[in-house]
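Novice: Sending over model.cif (mmCIF, C-alpha atoms and all ligand atoms).
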```cif
data_model
#
loop_
_atom_site.label_atom_id
_atom_site.label_comp_id
_atom_site.auth_asym_id
_atom_site.auth_seq_id
_atom_site.Cartn_x
_atom_site.Cartn_y
_atom_site.Cartn_z
CA MET A 1026 -16.33 69.30 -44.78
CA HIS A 1027 -18.76 71.69 -43.14
CA ILE A 1028 -18.39 70.57 -39.51
CA GLN A 1029 -15.30 72.01 -37.87
CA SER A 1030 -15.52 71.25 -34.15
CA LEU A 1031 -17.53 69.92 -31.22
CA GLY A 1032 -19.37 73.03 -30.04
CA TYR A 1033 -21.60 71.98 -27.15
CA ILE A 1034 -23.27 69.04 -25.45
CA GLY A 1035 -26.83 68.80 -24.15
CA VAL A 1036 -27.26 66.48 -21.18
CA ALA A 1037 -30.51 64.88 -19.99
CA ALA A 1038 -30.68 64.61 -16.20
CA GLN A 1039 -33.02 63.73 -13.39
CA GLY A 1040 -32.75 66.90 -11.34
CA LEU A 1041 -30.05 69.55 -11.57
CA ASP A 1042 -28.56 69.74 -8.07
CA ASP A 1043 -26.03 66.93 -8.53
CA TRP A 1044 -24.88 68.41 -11.82
CA ALA A 1045 -24.53 71.89 -10.32
CA HIS A 1046 -22.04 70.48 -7.81
CA PHE A 1047 -20.32 67.99 -10.15
CA GLY A 1048 -19.97 70.51 -12.99
CA THR A 1049 -18.39 73.21 -10.85
CA ARG A 1050 -16.65 71.67 -7.82
CA PHE A 1051 -15.26 68.66 -9.71
CA LEU A 1052 -15.08 69.55 -13.42
CA GLY A 1053 -14.23 73.18 -12.69
CA MET A 1054 -16.81 74.66 -15.06
CA GLN A 1055 -18.76 77.83 -14.28
CA ALA A 1056 -22.49 77.56 -13.62
CA VAL A 1057 -24.50 80.16 -15.54
CA ASP A 1058 -28.20 80.60 -16.28
CA ARG A 1059 -29.68 78.19 -13.75
CA THR A 1060 -33.45 77.85 -13.91
CA SER A 1061 -35.72 75.15 -12.47
CA ARG A 1062 -35.39 73.09 -15.70
CA ARG A 1063 -31.99 74.00 -17.08
CA LEU A 1064 -28.40 74.54 -16.00
CA ALA A 1065 -25.80 75.94 -18.39
CA LEU A 1066 -22.09 75.40 -17.76
CA ARG A 1067 -19.34 77.56 -19.19
CA MET A 1068 -15.75 76.44 -19.99
CA ASP A 1069 -14.21 79.36 -21.85
CA ASP A 1070 -15.29 82.56 -23.60
CA ARG A 1071 -18.45 80.90 -24.97
CA LYS A 1072 -21.70 81.66 -23.19
CA GLN A 1073 -22.20 77.92 -22.58
CA ARG A 1074 -20.69 74.56 -23.50
CA VAL A 1075 -22.63 72.00 -21.45
CA ILE A 1076 -26.40 72.42 -21.15
CA VAL A 1077 -28.03 70.18 -18.55
CA GLU A 1078 -31.80 69.81 -18.77
CA ASP A 1079 -34.06 68.25 -16.16
CA ALA A 1080 -35.65 65.76 -18.53
CA GLY A 1081 -36.79 63.07 -16.10
CA ARG A 1082 -34.23 60.68 -17.60
CA ASN A 1083 -30.45 60.33 -17.73
CA GLY A 1084 -28.32 60.32 -20.87
CA LEU A 1085 -27.49 62.26 -23.97
CA GLY A 1086 -29.64 65.25 -24.81
CA TYR A 1087 -27.90 66.33 -28.01
CA ILE A 1088 -24.47 66.92 -29.51
CA GLY A 1089 -23.87 70.33 -31.12
CA TRP A 1090 -21.47 70.38 -34.08
CA GLU A 1091 -20.10 73.75 -35.16
CA THR A 1092 -19.95 75.10 -38.70
CA ALA A 1093 -18.20 78.26 -39.88
CA ASP A 1094 -21.12 80.39 -41.03
CA GLN A 1095 -24.66 80.45 -42.44
CA ALA A 1096 -23.50 79.24 -45.86
CA ALA A 1097 -21.74 76.23 -44.33
CA LEU A 1098 -24.76 75.39 -42.17
CA ASP A 1099 -27.12 75.69 -45.16
CA ALA A 1100 -24.82 73.50 -47.27
CA LEU A 1101 -24.69 70.89 -44.50
CA ALA A 1102 -28.50 70.91 -44.20
CA ALA A 1103 -28.93 70.59 -47.98
CA GLY A 1104 -26.41 67.72 -48.12
CA LEU A 1105 -28.19 65.86 -45.32
CA GLU A 1106 -31.57 66.25 -47.02
CA ARG A 1107 -30.13 65.03 -50.33
CA GLN A 1108 -29.03 61.87 -48.49
CA GLY A 1109 -32.51 61.37 -47.04
CA VAL A 1110 -31.82 62.64 -43.52
CA ALA A 1111 -34.73 64.63 -42.05
CA VAL A 1112 -33.53 68.09 -41.01
CA LEU A 1113 -35.47 70.36 -38.70
CA ARG A 1114 -34.65 74.05 -38.96
CA GLY A 1115 -34.36 75.55 -35.50
CA ASP A 1116 -36.52 78.60 -34.84
CA ARG A 1117 -35.35 81.80 -33.17
CA ALA A 1118 -36.32 80.48 -29.72
CA LEU A 1119 -34.15 77.37 -30.10
CA ALA A 1120 -31.20 79.38 -31.44
CA ASP A 1121 -31.52 81.73 -28.45
CA GLU A 1122 -31.63 78.77 -26.07
CA ARG A 1123 -28.41 77.44 -27.63
CA SER A 1124 -26.89 80.97 -27.72
CA VAL A 1125 -26.08 80.64 -31.43
CA ALA A 1126 -27.00 82.52 -34.61
CA ASP A 1127 -28.72 79.53 -36.27
CA VAL A 1128 -29.17 75.83 -35.59
CA ILE A 1129 -30.51 72.70 -37.30
CA ARG A 1130 -31.53 69.36 -35.73
CA PHE A 1131 -31.25 65.85 -37.14
CA GLN A 1132 -30.55 62.32 -35.92
CA ASP A 1133 -27.95 59.70 -36.67
CA PRO A 1134 -29.19 56.22 -37.69
CA LEU A 1135 -29.20 55.09 -34.04
CA GLY A 1136 -31.49 57.96 -33.07
CA ASN A 1137 -28.84 60.04 -31.28
CA GLN A 1138 -30.00 63.66 -31.40
CA LEU A 1139 -27.51 65.83 -33.26
CA GLU A 1140 -27.46 69.55 -33.95
CA ALA A 1141 -25.32 71.78 -36.13
CA PHE A 1142 -24.96 75.51 -35.67
CA TRP A 1143 -22.91 78.58 -36.37
CA GLY A 1144 -22.30 81.87 -34.55
CA ALA A 1145 -21.90 80.89 -30.90
CA GLU A 1146 -22.36 83.77 -28.51
CA ILE A 1147 -19.16 84.99 -26.87
CA THR A 1148 -19.13 86.44 -23.36
CA THR A 1149 -16.75 89.25 -22.50
CA ALA A 1150 -16.87 88.63 -18.72
CA ALA A 1151 -13.88 86.60 -17.52
CA PHE A 1152 -14.38 82.84 -17.11
CA LYS A 1153 -14.63 82.00 -13.40
CA PRO A 1154 -13.83 78.31 -12.86
CA GLY A 1155 -15.86 76.43 -10.27
CA ARG A 1156 -12.67 75.24 -8.60
CA SER A 1157 -9.07 76.36 -8.98
CA ILE A 1158 -8.01 75.09 -12.42
CA SER A 1159 -5.84 76.59 -15.15
CA GLY A 1160 -8.64 76.31 -17.73
CA PHE A 1161 -9.90 74.18 -20.61
CA ARG A 1162 -8.20 73.71 -23.96
CA THR A 1163 -10.93 74.53 -26.48
CA GLY A 1164 -10.78 77.20 -29.26
CA PRO A 1165 -10.50 75.79 -32.80
CA LEU A 1166 -10.14 72.28 -31.33
CA GLY A 1167 -13.65 72.46 -29.92
CA MET A 1168 -14.75 71.63 -26.38
CA GLY A 1169 -13.33 68.11 -26.37
CA HIS A 1170 -14.68 64.86 -27.76
CA THR A 1171 -17.72 62.63 -27.52
CA VAL A 1172 -17.83 58.83 -27.65
CA LEU A 1173 -21.00 56.93 -28.54
CA HIS A 1174 -22.01 53.38 -27.62
CA VAL A 1175 -22.97 51.41 -30.73
CA GLU A 1176 -24.21 47.91 -31.40
CA ASN A 1177 -22.25 47.67 -34.63
CA VAL A 1178 -19.43 50.09 -35.46
CA ASP A 1179 -19.33 49.19 -39.17
CA ALA A 1180 -23.04 50.02 -39.54
CA LEU A 1181 -22.62 53.59 -38.27
CA VAL A 1182 -19.26 54.59 -39.80
CA PRO A 1183 -20.75 55.42 -43.24
CA PHE A 1184 -23.13 58.01 -41.73
CA TYR A 1185 -20.42 59.94 -39.91
CA ARG A 1186 -17.77 59.52 -42.64
CA ASP A 1187 -19.78 59.77 -45.86
CA VAL A 1188 -22.87 61.79 -44.89
CA LEU A 1189 -21.41 64.17 -42.27
CA GLY A 1190 -17.88 64.20 -43.72
CA PHE A 1191 -15.89 63.27 -40.60
CA HIS A 1192 -12.39 61.95 -41.26
CA THR A 1193 -11.15 58.65 -39.87
CA SER A 1194 -8.26 59.06 -37.43
CA ASP A 1195 -7.78 55.36 -36.68
CA TRP A 1196 -9.68 52.26 -35.64
CA MET A 1197 -9.33 49.34 -33.24
CA LEU A 1198 -10.49 45.72 -33.51
CA LYS A 1199 -9.34 44.42 -30.10
CA PRO A 1200 -9.81 44.32 -27.14
CA PHE A 1201 -13.03 45.87 -28.51
CA LYS A 1202 -14.06 47.47 -31.81
CA ALA A 1203 -13.86 51.25 -32.05
CA HIS A 1204 -13.60 53.92 -34.74
CA PHE A 1205 -12.17 57.41 -34.17
CA PHE A 1206 -12.92 60.53 -36.25
CA HIS A 1207 -11.36 64.00 -36.46
CA VAL A 1208 -12.86 67.23 -37.77
CA ASN A 1209 -9.86 69.44 -36.87
CA PRO A 1210 -6.34 68.72 -35.53
CA ARG A 1211 -7.71 67.28 -32.28
CA GLN A 1212 -6.92 63.56 -32.71
CA HIS A 1213 -10.58 62.69 -32.34
CA SER A 1214 -13.73 64.72 -31.79
CA LEU A 1215 -15.96 61.64 -32.04
CA ALA A 1216 -15.51 57.92 -31.50
CA LEU A 1217 -17.86 54.95 -31.82
CA ILE A 1218 -17.29 51.98 -29.52
CA GLU A 1219 -18.94 48.62 -29.99
CA THR A 1220 -20.49 47.79 -26.62
CA GLY A 1221 -23.83 46.44 -27.81
CA ARG A 1222 -25.54 49.46 -26.26
CA LYS A 1223 -26.76 52.86 -27.50
CA GLY A 1224 -26.29 56.39 -26.23
CA LEU A 1225 -23.43 58.50 -24.93
CA HIS A 1226 -20.47 56.56 -23.51
CA HIS A 1227 -18.54 59.67 -22.37
CA PHE A 1228 -17.41 63.12 -23.30
CA MET A 1229 -13.89 64.39 -22.78
CA VAL A 1230 -12.63 67.79 -21.67
CA GLU A 1231 -8.95 68.72 -21.79
CA LEU A 1232 -7.21 70.84 -19.15
CA TYR A 1233 -4.19 73.08 -19.65
CA SER A 1234 -2.28 71.69 -16.70
CA LEU A 1235 -1.50 68.08 -15.81
CA ASP A 1236 -1.92 69.06 -12.17
CA ASP A 1237 -5.56 70.09 -12.82
CA VAL A 1238 -6.16 66.47 -13.84
CA GLY A 1239 -4.23 64.97 -10.91
CA GLN A 1240 -6.07 67.21 -8.46
CA GLY A 1241 -9.37 66.24 -10.10
CA PHE A 1242 -8.40 62.59 -9.63
CA ASP A 1243 -8.07 63.20 -5.89
CA ILE A 1244 -11.57 64.71 -5.83
CA ALA A 1245 -12.97 61.81 -7.87
CA ASN A 1246 -11.47 59.30 -5.44
CA GLY A 1247 -13.50 60.94 -2.69
CA MET A 1248 -16.78 60.66 -4.59
CA ASP A 1249 -18.69 57.44 -3.84
CA ASN A 1250 -18.65 54.93 -6.72
CA LYS A 1251 -17.83 57.61 -9.27
CA LEU A 1252 -14.46 56.44 -10.58
CA LEU A 1253 -14.75 54.42 -13.82
CA LEU A 1254 -11.12 54.28 -15.03
CA THR A 1255 -7.99 55.17 -13.09
CA MET A 1256 -5.31 57.54 -14.41
CA GLY A 1257 -3.77 56.31 -17.63
CA ARG A 1258 -2.58 57.36 -21.07
CA HIS A 1259 -4.32 56.70 -24.36
CA THR A 1260 -2.55 55.11 -27.29
CA ASN A 1261 -4.01 57.24 -30.06
CA ASP A 1262 -4.50 60.80 -28.75
CA HIS A 1263 -1.79 60.42 -26.06
CA MET A 1264 -4.21 61.93 -23.53
CA THR A 1265 -3.30 61.42 -19.88
CA SER A 1266 -6.67 61.13 -18.18
CA PHE A 1267 -9.08 59.34 -15.91
CA TYR A 1268 -12.83 58.72 -16.14
CA THR A 1269 -15.68 59.26 -13.71
CA LYS A 1270 -19.41 58.69 -13.88
CA THR A 1271 -21.47 61.87 -14.25
CA PRO A 1272 -24.81 62.35 -12.44
CA SER A 1273 -26.44 61.33 -15.75
CA ASP A 1274 -24.83 57.84 -15.65
CA PHE A 1275 -22.57 58.21 -18.68
CA GLY A 1276 -18.87 58.97 -18.22
CA VAL A 1277 -16.64 62.00 -18.45
CA GLU A 1278 -12.95 61.81 -19.33
CA TYR A 1279 -10.79 64.44 -17.68
CA GLY A 1280 -7.55 64.81 -19.60
CA TRP A 1281 -4.31 66.62 -20.36
CA GLY A 1282 -1.72 66.66 -23.13
CA GLY A 1283 -3.67 65.55 -26.20
CA ARG A 1284 -1.70 65.40 -29.42
CA LEU A 1285 -2.64 67.23 -32.60
CA LEU A 1286 -2.80 65.66 -36.04
CA ASP A 1287 -1.12 67.08 -39.11
CA VAL A 1288 -4.50 66.73 -40.85
CA PRO A 1289 -3.47 66.92 -44.55
CA LYS A 1290 -0.74 64.33 -44.02
CA HIS A 1291 -2.60 62.03 -41.64
CA VAL A 1292 -2.90 58.40 -42.75
CA PRO A 1293 -5.53 56.39 -40.81
CA GLU A 1294 -4.35 53.07 -39.42
CA GLU A 1295 -5.43 50.27 -37.13
CA MET A 1296 -4.48 50.63 -33.45
CA THR A 1297 -2.88 47.37 -32.42
CA HIS A 1298 -2.02 48.14 -28.79
CA GLY A 1299 -5.51 48.70 -27.35
CA PRO A 1300 -6.86 52.00 -26.13
CA SER A 1301 -4.23 52.69 -23.42
CA MET A 1302 -0.44 52.58 -23.12
CA TRP A 1303 -0.64 52.29 -19.33
CA GLY A 1304 -3.16 52.78 -16.54
CA HIS A 1305 -6.89 53.30 -17.25
CA GLU A 1306 -7.62 50.27 -15.07
CA LEU A 1307 -11.35 49.57 -15.21
CA VAL A 1308 -13.02 49.99 -11.83
CA ASN A 1309 -16.01 47.76 -10.98
CA ALA A 1310 -16.09 46.30 -14.49
CA ASP A 1311 -16.50 42.89 -16.08
CA PRO A 1312 -13.40 40.90 -14.92
CA GLU A 1313 -12.87 39.38 -18.37
CA MET A 1314 -12.70 42.76 -20.15
CA ARG A 1315 -10.60 44.14 -17.31
CA ALA A 1316 -8.07 41.33 -17.74
CA LYS A 1317 -8.05 41.70 -21.55
CA ARG A 1318 -7.37 45.41 -21.34
CA ARG A 1319 -4.67 44.97 -18.72
CA GLN A 1320 -2.95 42.34 -20.88
CA ALA A 1321 -3.09 44.70 -23.89
CA ARG A 1322 -1.26 47.35 -21.81
CA ILE A 1323 1.34 44.85 -20.60
CA ASP A 1324 1.92 43.77 -24.22
CA ALA A 1325 2.23 47.44 -25.27
CA ALA A 1326 4.76 48.02 -22.50
CA GLU A 1327 6.77 44.94 -23.46
CA SER A 1328 6.89 46.14 -27.05
CA GLY A 1329 8.53 49.38 -25.81
CA LEU A 1330 5.58 51.64 -26.67
CA ARG A 1331 6.34 55.20 -25.51
CA GLN A 1332 5.19 58.56 -26.84
CA PRO A 1333 6.40 62.11 -26.24
CA VAL A 1334 4.37 64.40 -24.00
CA HIS A 1335 2.66 67.28 -25.74
CA VAL A 1336 3.22 70.49 -23.83
CA LEU A 1337 2.07 74.03 -24.42
CA GLU A 1338 4.30 77.06 -24.29
CA GLY A 1339 4.30 78.20 -20.67
CA ASN A 1340 3.44 74.90 -18.97
CA TYR A 1341 6.79 73.13 -19.11
CA GLN A 1342 10.40 73.63 -18.15
CA LEU A 1343 13.15 71.79 -19.92
CA ALA A 1344 15.22 69.67 -17.57
CA ALA A 1345 18.81 70.84 -17.35
CA GLY A 1346 21.82 68.58 -17.66
CA ILE A 1347 22.97 65.75 -19.82
CA CYS A 1348 21.89 62.19 -19.20
CA PRO A 1349 23.84 59.57 -21.13
CA TRP A 1350 21.03 57.04 -20.66
CA TRP A 1351 18.42 59.41 -22.14
CA ASP A 1352 20.70 60.32 -25.03
CA GLN A 1353 20.85 56.62 -25.84
CA ALA A 1354 17.13 56.03 -25.34
CA SER A 1355 16.03 59.04 -27.40
CA GLY A 1356 18.52 58.31 -30.19
CA LYS A 1357 20.50 61.50 -29.63
CA ALA A 1358 23.75 59.69 -28.85
CA LYS A 1359 26.08 59.67 -31.81
FE FE B 1 -12.19 59.60 -24.56
#
```
Would you put the structure from the file into structure tokens?
Ligand SMILES: [Fe+2]
Specialist:
Amino acid sequence: MHIQSLGYIGVAAQGLDDWAHFGTRFLGMQAVDRTSRRLALRMDDRKQRVIVEDAGRNGLGYIGWETADQAALDALAAGLERQGVAVLRGDRALADERSVADVIRFQDPLGNQLEAFWGAEITTAAFKPGRSISGFRTGPLGMGHTVLHVENVDALVPFYRDVLGFHTSDWMLKPFKAHFFHVNPRQHSLALIETGRKGLHHFMVELYSLDDVGQGFDIANGMDNKLLLTMGRHTNDHMTSFYTKTPSDFGVEYGWGGRLLDVPKHVPEEMTHGPSMWGHELVNADPEMRAKRRQARIDAAESGLRQPVHVLEGNYQLAAGICPWWDQASGKAK
């Protein structure tokens, strides 16, 4: 497979002021390169990760998928063309705008604008978060994940799996249909959810500290009508997260503690407990779907569904002492 991570996201917006505030004071990204038409946001050592363009509309601009080098990008382009996908070679001006060595553009069958690139520009200046956060978990896992609305999941899976080479992580049939793909150990870098709509449903960024997410939740609760889903934990990537609406109307998931797949050994399977183990209560949503999703979580809880937390060296402390109850519950008791 030539694609190895989610590299960047282009966002279409109506004006940039709301994004400048939302991207820095809530998400904690660093605003760089603001012009009258374009705002670039930084998350790590890359020059930019989120590029917001004043396009006179709200929604997805483009999704940028990263390849290793020129040979991988050329092979991806050739493979797409062999399968009848029109590929536009980016010129020097476009590559400069994306801060990459080379870029191609193409569309998925629903017309979502995709790009692939290699050679992202690195910045040596220290990342300065827009609010006090520990930082974003990116690197080889990419900048997070994207989730697309689709009218029919089954119709789009072949493009991402067979043409682009994404690997299925798992899929879900109820309370709604969804399909999750990985391109590296991040449990999913892309998902398709069957909502009957088109466009970007949300993108996810992962923080190093659980407290970054909890403190973000407090900020989100103070933003009028922004909260989409309360704090909760996902069944498949074990992410503890909440969702808010961005100024471009789609959502953003703000998360911590995502699990990694052992990619060579991973066996895709159906998720039977819905998207969340607990929480993620839908705010201002269709009461029927809200009730369905809540029941799925109650069923998951009654079945005893629990997962370990995934911590990084340096952000946990083992609890001291011996607890007979925990030794029983975790199977350590002899
Ligand atoms: Fe997500």
Novice: Which protein, DNA or RNA residues are at most 6 Å from (-12.6, 52.8, -13.6) in the file's coordinates when you count all atoms listed in the file, listed as a count of residues only?
Specialist: 7
Novice: From the options A:Phe1051, A:Leu1189, A:Gln1039, A:Tyr1087, which residue's atoms come nearest to A:Arg1063, counting only C-alpha atoms?
Specialist: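 Nearest to A:Arg1063: A:Gln1039.
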Novice: I'd like to know which of A:Pro1300, A:Asp1070, A:Ala1118, A:Arg1123 is closest to A:Gln1320, using only C-alpha atoms.
Specialist: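 Of all the options, A:Pro1300 lies closest to A:Gln1320.
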Novice: One decimal, in Å: what's the spacing between atom CA of A:Lys1290 and atom CA of A:Tyr1185?
Specialist: 20.6 Å
Novice: Using all atoms listed in the file, which of A:Glu1294, A:Ala1354, A:Thr1220, A:His1213 sits nearest ligand FE 1 (chain B)?
Specialist: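 Ranking A:Glu1294, A:Ala1354, A:Thr1220, A:His1213 by distance to ligand FE 1 (chain B), first place goes to A:His1213.
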Novice: List the neighbours of A:Gly1169 out to 12 Å using all atoms listed in the file; skip same-chain residues closer than 4 positions along the sequence, and give me the result as a ChimeraX atom specification.
Specialist: /A:1030-1034,1068,1074-1075,1088-1090,1161-1165,1207-1216,1227-1232,1262,1264,1277-1281,1283
Novice: Atom CA of A:Thr1265 and atom CA of A:Gly1155 are how many Å apart?
Specialist: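 Atom-to-atom, atom CA of A:Thr1265 to atom CA of A:Gly1155, that is 21.8 Å.
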Novice: If I take atom CA of A:Asp1042 and atom CA of A:Gly1241, how far is one from the other in Å, to one decimal?
Specialist: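 Rounded to one decimal, the two atoms are 19.6 Å apart.
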Novice: Compare A:Leu1217, A:Ile1158, A:Leu1105, A:Leu1066 by their minimum atom-to-atom distance to A:Glu1176, counting only C-alpha atoms, and give me the closest one.
Specialist: A:Leu1217
Novice: Would you place a box with edges along x, y and z of the file around all atoms of stretch 1066-1074 of chain A listed there, add 4 Å to each of its six sides, and report the centre and edge lengths in Å to one decimal, as AutoDock Vina command-line options?
Specialist:
```
--center_x -18.2 --center_y 78.6 --center_z -21.4 --size_x 16.0 --size_y 16.0 --size_z 15.2
```
Novice: Pick the closest to A:Ala1180 from A:Leu1135, A:Phe1201, A:Arg1318, A:His1259: which is it, counting all atoms listed in the file?
Specialist: A:Leu1135
Novice: Pick out the residues sitting within 10 Å of A:Ser1273, and hand them over as number ranges by chain; count only C-alpha atoms, and ignore anything fewer than 4 positions along from it in its own chain.
Specialist: A: 1036-1041, 1043-1044, 1077, 1082-1085
Novice: Point out the residue among A:Arg1322, A:Arg1258, A:His1192, A:His1291 with the least atom-to-atom distance to A:Val1334, counting only C-alpha atoms.
Specialist: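 So, comparing all the options, the nearest one is A:Arg1258.
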Novice: Can you list, as a list in words, every protein, DNA or RNA residue that comes within 12 Å of A:Ala1111 when you count all atoms listed in the file, leaving out same-chain residues fewer than 6 positions away?
Specialist: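 So, after excluding close chain neighbours, the residues are Ala1102, Ala1103, Gly1104, Leu1105, Ile1129, Arg1130, Phe1131, Gln1132, Asp1133, Pro1134, Gly1136, Gln1138, Leu1139 and Glu1140 of chain A.
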Novice: Using the partial input, fill out stretch 1140-1164 of chain A with N, CA and C atoms; write the result as a short mmCIF file (atom, residue, chain, number, x, y, z; two decimals), in the frame of the given file.
Specialist:
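For reference, rebuild_12.cif as written:
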```
data_model
loop_
_atom_site.label_atom_id
_atom_site.label_comp_id
_atom_site.auth_asym_id
_atom_site.auth_seq_id
_atom_site.Cartn_x
_atom_site.Cartn_y
_atom_site.Cartn_z
N GLU A 1140 -27.16 68.19 -33.50
CA GLU A 1140 -27.46 69.55 -33.95
C GLU A 1140 -26.23 70.09 -34.66
N ALA A 1141 -26.45 71.05 -35.53
CA ALA A 1141 -25.32 71.78 -36.13
C ALA A 1141 -25.69 73.26 -36.06
N PHE A 1142 -24.69 74.09 -35.92
CA PHE A 1142 -24.96 75.51 -35.67
C PHE A 1142 -23.80 76.35 -36.19
N TRP A 1143 -24.03 77.65 -36.18
CA TRP A 1143 -22.91 78.58 -36.37
C TRP A 1143 -23.18 79.80 -35.48
N GLY A 1144 -22.13 80.60 -35.25
CA GLY A 1144 -22.30 81.87 -34.55
C GLY A 1144 -22.57 81.75 -33.07
N ALA A 1145 -21.72 81.01 -32.37
CA ALA A 1145 -21.90 80.89 -30.90
C ALA A 1145 -21.65 82.23 -30.23
N GLU A 1146 -22.48 82.51 -29.24
CA GLU A 1146 -22.36 83.77 -28.51
C GLU A 1146 -21.12 83.75 -27.61
N ILE A 1147 -20.38 84.84 -27.68
CA ILE A 1147 -19.16 84.99 -26.87
C ILE A 1147 -19.50 85.90 -25.69
N THR A 1148 -18.93 85.61 -24.54
CA THR A 1148 -19.13 86.44 -23.36
C THR A 1148 -17.85 87.19 -23.05
N THR A 1149 -17.97 88.48 -22.78
CA THR A 1149 -16.75 89.25 -22.50
C THR A 1149 -16.32 89.13 -21.04
N ALA A 1150 -17.25 88.79 -20.14
CA ALA A 1150 -16.87 88.63 -18.72
C ALA A 1150 -15.88 87.48 -18.59
N ALA A 1151 -14.92 87.63 -17.69
CA ALA A 1151 -13.88 86.60 -17.52
C ALA A 1151 -14.51 85.28 -17.06
N PHE A 1152 -13.96 84.17 -17.55
CA PHE A 1152 -14.38 82.84 -17.11
C PHE A 1152 -13.97 82.65 -15.65
N LYS A 1153 -14.92 82.24 -14.83
CA LYS A 1153 -14.63 82.00 -13.40
C LYS A 1153 -14.80 80.51 -13.11
N PRO A 1154 -13.69 79.76 -13.06
CA PRO A 1154 -13.83 78.31 -12.86
C PRO A 1154 -14.46 77.97 -11.51
N GLY A 1155 -15.16 76.85 -11.48
CA GLY A 1155 -15.86 76.43 -10.27
C GLY A 1155 -14.94 75.89 -9.19
N ARG A 1156 -13.73 75.50 -9.58
CA ARG A 1156 -12.67 75.24 -8.60
C ARG A 1156 -11.38 75.77 -9.22
N SER A 1157 -10.30 75.74 -8.47
CA SER A 1157 -9.07 76.36 -8.98
C SER A 1157 -8.43 75.46 -10.04
N ILE A 1158 -8.66 75.79 -11.30
CA ILE A 1158 -8.01 75.09 -12.42
C ILE A 1158 -7.41 76.12 -13.35
N SER A 1159 -6.48 75.66 -14.21
CA SER A 1159 -5.84 76.59 -15.15
C SER A 1159 -6.76 76.94 -16.31
N GLY A 1160 -7.69 76.04 -16.65
CA GLY A 1160 -8.64 76.31 -17.73
C GLY A 1160 -8.70 75.15 -18.71
N PHE A 1161 -9.64 75.25 -19.65
CA PHE A 1161 -9.90 74.18 -20.61
C PHE A 1161 -9.33 74.52 -21.97
N ARG A 1162 -8.76 73.52 -22.62
CA ARG A 1162 -8.20 73.71 -23.96
C ARG A 1162 -9.32 73.51 -24.98
N THR A 1163 -9.78 74.59 -25.57
CA THR A 1163 -10.93 74.53 -26.48
C THR A 1163 -10.56 75.23 -27.80
N GLY A 1164 -11.08 76.43 -28.04
CA GLY A 1164 -10.78 77.20 -29.26
C GLY A 1164 -11.10 76.43 -30.52
#
```
